$ cat target_22.cif   # mmCIF, C-alpha atoms and all ligand atoms
data_run
loop_
_atom_site.label_atom_id
_atom_site.label_comp_id
_atom_site.auth_asym_id
_atom_site.auth_seq_id
_atom_site.Cartn_x
_atom_site.Cartn_y
_atom_site.Cartn_z
CA GLN A 1 -30.38 96.36 63.53
CA ASP A 2 -28.81 96.94 60.09
CA HIS A 3 -25.33 96.70 61.55
CA ILE A 4 -26.06 93.36 63.16
CA ASP A 5 -27.54 92.00 59.91
CA GLU A 6 -24.52 93.22 57.95
CA GLY A 7 -22.13 91.60 60.44
CA ALA A 8 -24.03 88.31 60.29
CA ARG A 9 -24.00 88.37 56.51
CA VAL A 10 -20.22 88.95 56.39
CA ALA A 11 -19.65 86.16 58.90
CA GLU A 12 -21.80 83.83 56.82
CA ARG A 13 -19.93 84.72 53.65
CA VAL A 14 -16.56 84.12 55.32
CA GLU A 15 -17.78 80.83 56.71
CA ARG A 16 -19.07 79.71 53.31
CA ARG A 17 -15.74 80.60 51.72
CA TRP A 18 -13.88 78.45 54.23
CA ALA A 19 -16.32 75.60 53.69
CA THR A 20 -15.77 75.83 49.92
CA LEU A 21 -12.01 75.90 50.41
CA SER A 22 -11.99 72.81 52.63
CA VAL A 23 -14.22 70.94 50.17
CA ALA A 24 -11.78 71.89 47.42
CA ILE A 25 -8.84 70.61 49.50
CA ILE A 26 -10.65 67.34 50.17
CA ILE A 27 -11.38 66.91 46.44
CA VAL A 28 -7.74 67.58 45.56
CA LEU A 29 -6.47 65.13 48.20
CA ALA A 30 -8.97 62.47 47.18
CA GLY A 31 -8.01 62.96 43.55
CA ALA A 32 -4.31 62.63 44.37
CA ALA A 33 -4.98 59.49 46.41
CA ALA A 34 -7.08 57.97 43.64
CA PHE A 35 -4.46 58.82 41.05
CA SER A 36 -1.58 57.31 43.02
CA GLY A 37 -3.80 54.32 43.84
CA ILE A 38 -4.51 53.70 40.17
CA HIS A 39 -0.87 54.28 39.34
CA GLN A 40 0.28 51.68 41.87
CA ALA A 41 -2.42 49.21 40.94
CA THR A 42 -1.91 49.26 37.19
CA MET A 43 1.84 49.68 36.74
CA PRO A 44 2.99 46.25 38.01
CA GLN A 45 -0.08 44.48 36.66
CA ALA A 46 0.66 45.58 33.12
CA ARG A 47 3.72 43.33 33.25
CA VAL A 48 2.19 40.35 35.05
CA GLU A 49 2.13 37.22 32.95
CA THR A 50 -0.06 34.38 34.07
CA ILE A 51 0.15 30.70 33.23
CA GLN A 52 -1.71 27.52 34.19
CA PRO A 53 0.52 25.75 36.75
CA GLN A 54 -1.35 22.43 36.39
CA THR A 55 -0.59 22.07 32.68
CA LEU A 56 2.94 23.55 32.52
CA HIS A 57 4.50 20.21 31.64
CA LEU A 58 1.91 19.34 29.02
CA THR A 59 1.51 22.37 26.82
CA GLY A 60 3.05 25.71 25.96
CA GLU A 61 6.30 27.47 26.58
CA PHE A 62 7.51 25.43 29.56
CA ILE A 63 7.19 21.87 28.23
CA LYS A 64 10.37 19.85 28.72
CA GLY A 65 11.67 20.29 25.16
CA ASN A 66 11.57 24.09 25.50
CA LEU A 67 13.52 24.33 28.75
CA GLY A 68 17.10 25.59 28.74
CA SER A 69 18.78 28.17 26.52
CA ALA A 70 17.46 29.29 23.15
CA VAL A 71 19.07 31.81 20.83
CA GLU A 72 16.60 34.38 19.53
CA PRO A 73 16.72 35.83 15.98
CA ASP A 74 18.28 39.05 17.36
CA GLY A 75 21.13 37.10 18.96
CA SER A 76 19.86 37.44 22.52
CA VAL A 77 19.34 34.34 24.62
CA THR A 78 16.19 33.23 26.41
CA VAL A 79 16.58 30.72 29.23
CA ARG A 80 13.40 28.91 30.22
CA ALA A 81 13.35 27.11 33.55
CA VAL A 82 10.94 25.48 35.96
CA GLY A 83 11.46 25.29 39.71
CA GLN A 84 9.55 22.49 41.40
CA GLN A 85 9.80 20.57 44.68
CA TYR A 86 12.80 19.99 44.90
CA SER A 87 14.79 20.80 41.79
CA PHE A 88 15.23 23.17 38.91
CA THR A 89 14.88 22.07 35.31
CA PRO A 90 17.34 22.36 33.73
CA GLN A 91 19.80 21.96 36.57
CA CYS A 92 22.55 23.70 34.60
CA MET A 93 21.72 26.72 32.45
CA VAL A 94 24.38 27.63 29.91
CA VAL A 95 24.60 31.23 28.67
CA PRO A 96 27.18 33.16 26.62
CA THR A 97 29.18 36.14 27.89
CA ASN A 98 28.34 39.72 26.90
CA THR A 99 24.96 38.78 25.48
CA PRO A 100 21.54 39.97 26.60
CA VAL A 101 19.93 37.07 28.44
CA VAL A 102 16.34 36.82 29.62
CA PHE A 103 15.42 34.21 32.21
CA ARG A 104 11.80 33.11 32.07
CA ALA A 105 10.78 30.80 34.85
CA THR A 106 7.78 29.57 36.79
CA SER A 107 6.66 26.95 39.28
CA PRO A 108 4.02 24.20 39.03
CA ASP A 109 3.65 23.69 42.78
CA VAL A 110 4.70 26.18 45.49
CA VAL A 111 6.74 29.38 45.70
CA HIS A 112 10.45 28.88 45.06
CA GLY A 113 13.34 31.30 45.01
CA PHE A 114 15.26 32.22 41.89
CA LEU A 115 18.57 33.65 43.04
CA ILE A 116 21.82 33.71 41.11
CA GLN A 117 24.70 34.12 43.54
CA ASN A 118 27.11 37.02 42.99
CA THR A 119 24.59 38.84 40.81
CA ASN A 120 21.66 41.12 41.67
CA ILE A 121 19.21 38.52 40.37
CA ASN A 122 16.86 37.48 43.14
CA THR A 123 13.17 36.89 42.55
CA MET A 124 10.42 34.42 43.31
CA LEU A 125 8.83 31.75 41.18
CA VAL A 126 5.13 31.85 41.98
CA PRO A 127 2.72 29.19 40.69
CA GLY A 128 0.45 30.77 38.09
CA TYR A 129 2.91 33.49 37.09
CA VAL A 130 5.92 33.78 34.80
CA SER A 131 8.93 35.54 36.28
CA GLU A 132 11.03 37.31 33.67
CA ILE A 133 14.51 38.53 34.60
CA PRO A 134 16.92 40.27 32.20
CA ALA A 135 20.64 39.68 32.72
CA LYS A 136 24.03 40.04 31.13
CA PHE A 137 27.20 38.23 32.23
CA SER A 138 30.57 39.77 31.45
CA ARG A 139 32.80 36.95 32.76
CA THR A 140 32.88 33.22 32.25
CA GLY A 141 32.30 30.99 35.24
CA GLU A 142 29.70 29.18 37.28
CA TYR A 143 27.09 30.81 39.45
CA LEU A 144 25.18 28.82 42.04
CA MET A 145 21.41 29.14 42.22
CA PRO A 146 20.15 27.94 45.61
CA CYS A 147 16.39 28.11 46.12
CA GLN A 148 16.01 30.85 48.72
CA GLU A 149 12.30 30.50 49.54
CA TYR A 150 11.38 27.75 52.00
CA CYS A 151 9.41 25.27 49.91
CA GLY A 152 9.23 22.12 51.99
CA VAL A 153 11.39 19.34 53.42
CA GLY A 154 13.67 19.20 50.37
CA HIS A 155 14.26 22.96 50.23
CA GLU A 156 17.91 22.79 51.38
CA GLY A 157 18.80 20.47 48.52
CA MET A 158 17.11 22.50 45.80
CA TRP A 159 19.60 24.33 43.64
CA ALA A 160 20.84 24.78 40.10
CA LYS A 161 23.67 26.65 38.44
CA VAL A 162 24.31 29.04 35.61
CA LYS A 163 27.36 28.35 33.50
CA VAL A 164 28.68 31.35 31.55
CA VAL A 165 30.82 30.42 28.56
CA ASP A 166 32.61 32.31 25.79
CU1 LIG B 201 12.35 25.45 46.33
CU2 LIG B 201 13.08 26.19 48.43
#

$ encode --input "target_22.cif" --output "structure tokens" --more "lines below"
Ligand code: CUA
Amino acid sequence: QDHIDEGARVAERVERRWATLSVAIIIVLAGAAAFSGIHQATMPQARVETIQPQTLHLTGEFIKGNLGSAVEPDGSVTVRAVGQQYSFTPQCMVVPTNTPVVFRATSPDVVHGFLIQNTNINTMLVPGYVSEIPAKFSRTGEYLMPCQEYCGVGHEGMWAKVKVVD
């Protein structure tokens, strides 16, 4: 009788240990999942900049007088642009060579593409958000900027250019 009891007790202890271990594994996995989830959710959002697409042209950074290139106090250049059905404003963006450039652009209507040919710059202009793209051009010349997101009947004719000058 004692032997049977002892055996049952050992079995129970072993079983409990395994149960504890699997609970611990589940907690660790859940923790890792939650951590990576939070990581993925917060990292891009920290850099998201929102803007009212309906009032872009009336107030704030993207009113007509602010569009185009502006030299910052540190010598870098900010280029502000708007992509709308079916054009970019300004149509020609002039930037200097060997200077840090930041493109800041958005859309008042639908999603447009912001792609500068022969560079690695390729992003989207999404209504409600500001797209910010750093760049630096080492050579003078012209770069075409065709809209590369289908945005309606005039999509094929929507393009601009970047002119790099010394
Ligand atoms: Cu704008 Cu396609």

$ residues_around --input "target_22.cif" --residues "Phe103 (chain A)" --least-positions-apart "4" --cutoff "12 Å" --atoms "all atoms listed in the file" --output "PyMOL selection string"
chain A and resi 67-70+76-82+93-95+114-116+121-123+125+130-136+162

$ atom_distance --input "target_22.cif" --atom1 "CA of Arg139 (chain A)" --atom2 "CA of Cys92 (chain A)"
16.9 Å

$ residues_near_ligand --input "target_22.cif" --ligand "ligand LIG 201 (chain B)" --cutoff "10 Å" --atoms "only C-alpha atoms and all ligand atoms" --output "ChimeraX atom specification"
/A:83-88,107,109-114,124-125,146-159

$ atom_distance --input "target_22.cif" --atom1 "CA of Met145 (chain A)" --atom2 "CA of Gln117 (chain A)"
6.1 Å

$ atom_distance --input "target_22.cif" --atom1 "CA of Thr140 (chain A)" --atom2 "CA of Pro73 (chain A)"
23.1 Å

$ closest_residue --input "target_22.cif" --among "A:His57, A:Ala8, A:Ser138, A:Gly128" --to "Val101 (chain A)" --atoms "all atoms listed in the file"
A:Ser138

$ residues_near_point --input "target_22.cif" --point "(4.5, 26.1, 27.9)" --cutoff "12 Å" --atoms "all atoms listed in the file" --output "list of chain:residue names"
A:Thr50, A:Ile51, A:Gln52, A:Pro53, A:Gln54, A:Thr55, A:Leu56, A:His57, A:Leu58, A:Thr59, A:Gly60, A:Glu61, A:Phe62, A:Ile63, A:Lys64, A:Gly65, A:Asn66, A:Leu67, A:Arg80, A:Ala81, A:Val82, A:Arg104, A:Ala105, A:Thr106, A:Ser107, A:Pro108, A:Gly128, A:Tyr129, A:Val130

$ closest_residue --input "target_22.cif" --among "A:Asn118, A:Arg9, A:Val102, A:Pro96" --to "Phe137 (chain A)" --atoms "all atoms listed in the file"
A:Pro96

$ axis_aligned_box --input "target_22.cif" --around "region 145-152 of chain A" --padding-each-side "4 Å" --output "AutoDock Vina command-line options"
--center_x 15.3 --center_y 26.5 --center_z 47.1 --size_x 20.2 --size_y 16.7 --size_z 17.8
